[in-house]
Amino acid sequence: MALHKSRTLFEIDVTSFADIAVLLIIFFILTTTFMVPAGNKLEIPSGSTDPAQADQKQLTINLTGTAIRYGFEGRRMSVEELRTALLKENFKAKPPSKRIVIVNSTPDVPYETYFEVVMAISSADGVLALLEEEGKTAK
Amino acid sequence: MADLAFLLVIFFMVTSNFVKEAHVELEEASSPDVEPMKESQLSVTMDKNGDLWLQGKPCPAAVLEEGIRALILERGDKVVMLKIDKDIRQEKYGPVFMALSKAGAEIALVGRKEKE
């Protein structure tokens with residue numbers, strides 16, 4: 001009588017692991033959104049200009065707190081109105097020296113307001129002038 | 001099947017970029033005029049407490065200009081991505097703009113797209 005000794009093989013079926021791994025990968029492929037930074041590069045005039053001349057000829061926007069005052073008249077306007085006014089300036093058709101916009105801010109202006117104003121200037125193809133408080137030097 | 005899974009994992013490992021400022025707490029400013037832009041190697045962030053972070057590391061305001069100047073020389077890229085918390089006042093972020101401008105950086109403001 002032949003005795004058949006059967007060997008018991010201990011195996012773990014990993015087919016399901018591979019299936020789960022592939023499903024997880026497909027899930028992350030479909031749901032992943034690549035983080036793309038959003039913003040705008042500022043165009044700032046190169047070289048220094050005479051501050052007195054800059055004040056007279058360039059468009060000036062004054063920010064006090066969250067209030068926006070436009071031009072020499074200091075007309076108060078909202079960000080939407082500012083956007084419309086800047087588009088009307090038609091900076092694209094002007095030479096670089098006429099596209100400069102000076103933004104004066106008081107120390108209490110929140111960055112949200114400043115950001116909206118600067119983005120509006122940038123999208124209208126204006127050139128932002130940064131002024132130092134001490135020497136009022138245009139940069 | 002397993003080979004395919006490994007290939008995909010390797011692909012994502014190679015293409016993933018770590019977010020440098022993941023630990024910096026701030027709320028981005030928003031504007032409808034914001035557009036997607038090319039990511040730069042240099043980044044400066046000001047968090048909700050007014051603290052400055054250069055390349056994801058704390059940076060005192062006094063050495064920001066020198067730090068940016070050195071990075072521009074090292075990387076050859078002048079574009080600096082500037083991200084500031086929306087509630088920070090001009091007295092804190094104004095000097096950052098001046099420091100970047102003096103260091104010869106081209107400032108790219110980063111924010112959120114606000115729906116019109």
# chains A, B, ... in the order shown; residues from 1 in each chain; ligands from 1
call {"tool": "interface_residues", "arguments": {"of": "chain A", "to": "chain B", "cutoff": "7 Å", "atoms": "only C-alpha atoms", "output": "mmCIF file with N, CA and C atoms, in the first residue's frame"}}
result
data_model
loop_
_atom_site.group_PDB
_atom_site.id
_atom_site.type_symbol
_atom_site.label_atom_id
_atom_site.label_comp_id
_atom_site.auth_asym_id
_atom_site.auth_seq_id
_atom_site.Cartn_x
_atom_site.Cartn_y
_atom_site.Cartn_z
ATOM 1 N N ALA A 18 -2.621 43.164 -5.312
ATOM 2 C CA ALA A 18 -2.260 43.865 -6.549
ATOM 3 C C ALA A 18 -3.464 44.609 -7.100
ATOM 4 N N ALA A 21 -3.990 47.701 -5.010
ATOM 5 C CA ALA A 21 -2.942 48.695 -5.286
ATOM 6 C C ALA A 21 -3.242 49.433 -6.591
ATOM 7 N N VAL A 22 -3.610 48.694 -7.613
ATOM 8 C CA VAL A 22 -3.910 49.328 -8.902
ATOM 9 C C VAL A 22 -5.133 50.231 -8.780
ATOM 10 N N VAL A 36 -0.760 74.577 -9.292
ATOM 11 C CA VAL A 36 -0.120 75.558 -10.164
ATOM 12 C C VAL A 36 -0.211 76.908 -9.481
ATOM 13 N N PRO A 37 0.926 77.553 -9.281
ATOM 14 C CA PRO A 37 0.826 78.869 -8.623
ATOM 15 C C PRO A 37 0.079 79.841 -9.512
ATOM 16 N N ALA A 38 -0.724 80.687 -8.910
ATOM 17 C CA ALA A 38 -1.492 81.671 -9.664
ATOM 18 C C ALA A 38 -1.140 83.050 -9.151
ATOM 19 N N GLY A 39 -0.970 83.975 -10.044
ATOM 20 C CA GLY A 39 -0.639 85.333 -9.641
ATOM 21 C C GLY A 39 -0.291 86.130 -10.854
ATOM 22 N N ASN A 40 0.590 87.078 -10.673
ATOM 23 C CA ASN A 40 1.003 87.918 -11.780
ATOM 24 C C ASN A 40 2.370 88.498 -11.477
ATOM 25 N N LYS A 41 3.188 88.525 -12.514
ATOM 26 C CA LYS A 41 4.507 89.104 -12.307
ATOM 27 C C LYS A 41 4.383 90.623 -12.407
ATOM 28 N N LEU A 42 4.973 91.327 -11.441
ATOM 29 C CA LEU A 42 4.864 92.779 -11.433
ATOM 30 C C LEU A 42 5.858 93.387 -12.412
ATOM 31 N N THR A 106 -1.232 104.001 3.072
ATOM 32 C CA THR A 106 -1.004 104.309 4.489
ATOM 33 C C THR A 106 -0.650 102.986 5.184
ATOM 34 N N PRO A 107 -0.037 103.058 6.360
ATOM 35 C CA PRO A 107 0.418 101.827 7.024
ATOM 36 C C PRO A 107 -0.694 100.839 7.381
ATOM 37 N N ASP A 108 -1.955 101.283 7.375
ATOM 38 C CA ASP A 108 -3.035 100.384 7.804
ATOM 39 C C ASP A 108 -3.722 99.668 6.642
ATOM 40 N N VAL A 109 -3.165 99.770 5.441
ATOM 41 C CA VAL A 109 -3.805 99.134 4.280
ATOM 42 C C VAL A 109 -3.576 97.622 4.338
ATOM 43 N N PRO A 110 -4.641 96.818 4.364
ATOM 44 C CA PRO A 110 -4.436 95.358 4.392
ATOM 45 C C PRO A 110 -3.945 94.859 3.043
ATOM 46 N N TYR A 111 -3.212 93.790 3.067
ATOM 47 C CA TYR A 111 -2.597 93.260 1.843
ATOM 48 C C TYR A 111 -3.652 92.843 0.839
ATOM 49 N N GLU A 112 -4.815 92.413 1.279
ATOM 50 C CA GLU A 112 -5.895 91.998 0.359
ATOM 51 C C GLU A 112 -6.253 93.152 -0.591
ATOM 52 N N PHE A 115 -3.274 93.942 -2.920
ATOM 53 C CA PHE A 115 -3.147 92.875 -3.921
ATOM 54 C C PHE A 115 -4.159 93.078 -5.047
ATOM 55 N N GLU A 116 -5.405 93.371 -4.680
ATOM 56 C CA GLU A 116 -6.442 93.569 -5.702
ATOM 57 C C GLU A 116 -6.094 94.759 -6.607
ATOM 58 N N MET A 119 -3.033 93.829 -8.844
ATOM 59 C CA MET A 119 -3.439 92.876 -9.888
ATOM 60 C C MET A 119 -4.228 93.604 -10.983
ATOM 61 N N ALA A 120 -5.075 94.545 -10.568
ATOM 62 C CA ALA A 120 -5.851 95.302 -11.560
ATOM 63 C C ALA A 120 -4.916 96.131 -12.434
ATOM 64 N N SER A 123 -3.058 93.695 -14.804
ATOM 65 C CA SER A 123 -3.869 93.135 -15.898
ATOM 66 C C SER A 123 -4.222 94.198 -16.928
#
call {"tool": "select_by_dssp", "arguments": {"residues": "chain B", "states": "alpha helix (DSSP H)", "output": "PyMOL selection string"}}
result
chain B and resi 2-15+64-75+90-102
call {"tool": "select_by_dssp", "arguments": {"residues": "chain B", "states": "strand (DSSP E or B)", "output": "ChimeraX atom specification"}}
result
/B:28,30-31,35-36,42-46,52-54,57-58,79-85,89,106-110,112-113
call {"tool": "residues_around", "arguments": {"residues": "Thr45 of chain B", "least_positions_apart": "3", "cutoff": "10 Å", "atoms": "only C-alpha atoms", "output": "list in words"}}
result
Glu21, Val24, Glu25, Leu26, Lys48, Gly50, Asp51, Leu52, Trp53, Leu54, Gln55, Gly56, Lys57, Pro58, Cys59, Met81, Leu82, Lys83, Ile84, Asp85, Val96 and Val110 of chain B
call {"tool": "write_last_selection", "arguments": {"atoms": "C-alpha atoms", "output": "PDB file, in the first residue's frame"}}
result
ATOM      1  CA  GLU B  21       5.718  76.170   2.519  1.00  0.00           C
ATOM      2  CA  VAL B  24       3.454  78.133   6.829  1.00  0.00           C
ATOM      3  CA  GLU B  25       0.008  79.277   7.954  1.00  0.00           C
ATOM      4  CA  LEU B  26      -1.548  81.976   5.881  1.00  0.00           C
ATOM      5  CA  LYS B  48      -0.497  85.470   9.351  1.00  0.00           C
ATOM      6  CA  GLY B  50       3.927  88.684   9.987  1.00  0.00           C
ATOM      7  CA  ASP B  51       6.891  86.293  10.070  1.00  0.00           C
ATOM      8  CA  LEU B  52       9.002  85.982   6.943  1.00  0.00           C
ATOM      9  CA  TRP B  53       9.910  82.667   5.315  1.00  0.00           C
ATOM     10  CA  LEU B  54      12.563  82.422   2.618  1.00  0.00           C
ATOM     11  CA  GLN B  55      12.504  79.145   0.647  1.00  0.00           C
ATOM     12  CA  GLY B  56      10.337  77.644   3.412  1.00  0.00           C
ATOM     13  CA  LYS B  57      12.798  78.585   6.190  1.00  0.00           C
ATOM     14  CA  PRO B  58      12.396  81.407   8.758  1.00  0.00           C
ATOM     15  CA  CYS B  59      14.203  84.575   7.722  1.00  0.00           C
ATOM     16  CA  MET B  81       7.241  84.352  -5.857  1.00  0.00           C
ATOM     17  CA  LEU B  82       5.868  86.515  -3.056  1.00  0.00           C
ATOM     18  CA  LYS B  83       2.965  85.231  -0.973  1.00  0.00           C
ATOM     19  CA  ILE B  84       1.585  87.321   1.901  1.00  0.00           C
ATOM     20  CA  ASP B  85      -1.331  86.695   4.256  1.00  0.00           C
ATOM     21  CA  VAL B  96       9.447  93.360   1.956  1.00  0.00           C
ATOM     22  CA  VAL B 110       0.898  84.817  -5.719  1.00  0.00           C
TER      23      VAL B 110
END
call {"tool": "atom_distance", "arguments": {"atom1": "atom CA of Gln58 of chain A", "atom2": "atom CA of Asn104 of chain A"}}
result
12.2 Å
call {"tool": "atom_distance", "arguments": {"atom1": "atom CA of Ala124 of chain A", "atom2": "atom CA of Phe91 of chain A"}}
result
6.7 Å
call {"tool": "residues_around", "arguments": {"residues": "Leu59 of chain A", "least_positions_apart": "3", "cutoff": "10 Å", "atoms": "only C-alpha atoms", "output": "PyMOL selection string"}}
result
chain A and resi 54-56+70-72+86+89+98-103+126
call {"tool": "write_last_selection", "arguments": {"atoms": "N, CA and C atoms", "output": "PDB file, in the first residue's frame"}}
result
ATOM      1  N   ALA A  54       7.624 112.491 -11.440  1.00  0.00           N
ATOM      2  CA  ALA A  54       6.789 111.282 -11.378  1.00  0.00           C
ATOM      3  C   ALA A  54       5.429 111.622 -10.788  1.00  0.00           C
ATOM      4  N   ASP A  55       5.410 112.445  -9.734  1.00  0.00           N
ATOM      5  CA  ASP A  55       4.134 112.786  -9.105  1.00  0.00           C
ATOM      6  C   ASP A  55       3.235 113.561 -10.048  1.00  0.00           C
ATOM      7  N   GLN A  56       3.831 114.426 -10.883  1.00  0.00           N
ATOM      8  CA  GLN A  56       2.990 115.281 -11.712  1.00  0.00           C
ATOM      9  C   GLN A  56       2.382 114.525 -12.880  1.00  0.00           C
ATOM     10  N   TYR A  70      -8.712 107.455  -6.633  1.00  0.00           N
ATOM     11  CA  TYR A  70      -8.111 107.364  -7.968  1.00  0.00           C
ATOM     12  C   TYR A  70      -7.765 108.735  -8.515  1.00  0.00           C
ATOM     13  N   GLY A  71      -6.555 108.857  -9.029  1.00  0.00           N
ATOM     14  CA  GLY A  71      -6.171 110.059  -9.768  1.00  0.00           C
ATOM     15  C   GLY A  71      -5.948 111.278  -8.889  1.00  0.00           C
ATOM     16  N   PHE A  72      -5.706 112.403  -9.565  1.00  0.00           N
ATOM     17  CA  PHE A  72      -5.425 113.644  -8.842  1.00  0.00           C
ATOM     18  C   PHE A  72      -6.649 114.148  -8.084  1.00  0.00           C
ATOM     19  N   LEU A  86      -8.907 101.745 -15.118  1.00  0.00           N
ATOM     20  CA  LEU A  86      -7.557 101.429 -15.606  1.00  0.00           C
ATOM     21  C   LEU A  86      -7.595 100.926 -17.046  1.00  0.00           C
ATOM     22  N   GLU A  89      -7.675 103.695 -19.438  1.00  0.00           N
ATOM     23  CA  GLU A  89      -6.410 104.405 -19.641  1.00  0.00           C
ATOM     24  C   GLU A  89      -5.676 103.898 -20.867  1.00  0.00           C
ATOM     25  N   LYS A  98       4.633 106.455 -19.838  1.00  0.00           N
ATOM     26  CA  LYS A  98       3.267 106.913 -19.550  1.00  0.00           C
ATOM     27  C   LYS A  98       2.417 105.806 -18.915  1.00  0.00           C
ATOM     28  N   ARG A  99       3.032 104.647 -18.751  1.00  0.00           N
ATOM     29  CA  ARG A  99       2.247 103.522 -18.202  1.00  0.00           C
ATOM     30  C   ARG A  99       2.457 103.363 -16.706  1.00  0.00           C
ATOM     31  N   ILE A 100       3.262 104.263 -16.120  1.00  0.00           N
ATOM     32  CA  ILE A 100       3.586 104.116 -14.708  1.00  0.00           C
ATOM     33  C   ILE A 100       2.407 104.528 -13.839  1.00  0.00           C
ATOM     34  N   VAL A 101       2.112 103.691 -12.840  1.00  0.00           N
ATOM     35  CA  VAL A 101       1.045 103.992 -11.880  1.00  0.00           C
ATOM     36  C   VAL A 101       1.681 103.991 -10.492  1.00  0.00           C
ATOM     37  N   ILE A 102       1.494 105.078  -9.777  1.00  0.00           N
ATOM     38  CA  ILE A 102       2.054 105.184  -8.427  1.00  0.00           C
ATOM     39  C   ILE A 102       0.969 104.807  -7.429  1.00  0.00           C
ATOM     40  N   VAL A 103       1.297 103.906  -6.524  1.00  0.00           N
ATOM     41  CA  VAL A 103       0.337 103.498  -5.490  1.00  0.00           C
ATOM     42  C   VAL A 103       0.874 103.958  -4.134  1.00  0.00           C
ATOM     43  N   GLY A 126      -0.442  98.142 -16.816  1.00  0.00           N
ATOM     44  CA  GLY A 126       0.220  99.279 -16.190  1.00  0.00           C
ATOM     45  C   GLY A 126       1.533  98.834 -15.551  1.00  0.00           C
TER      46      GLY A 126
END
call {"tool": "atom_distance", "arguments": {"atom1": "atom CA of Val14 of chain B", "atom2": "atom CA of Ile29 of chain A"}}
result
14.3 Å
call {"tool": "closest_residue", "arguments": {"among": "B:Leu42, B:Ala105, B:Ala61, B:Leu100", "to": "Arg75 of chain B", "atoms": "only C-alpha atoms"}}
result
B:Leu42
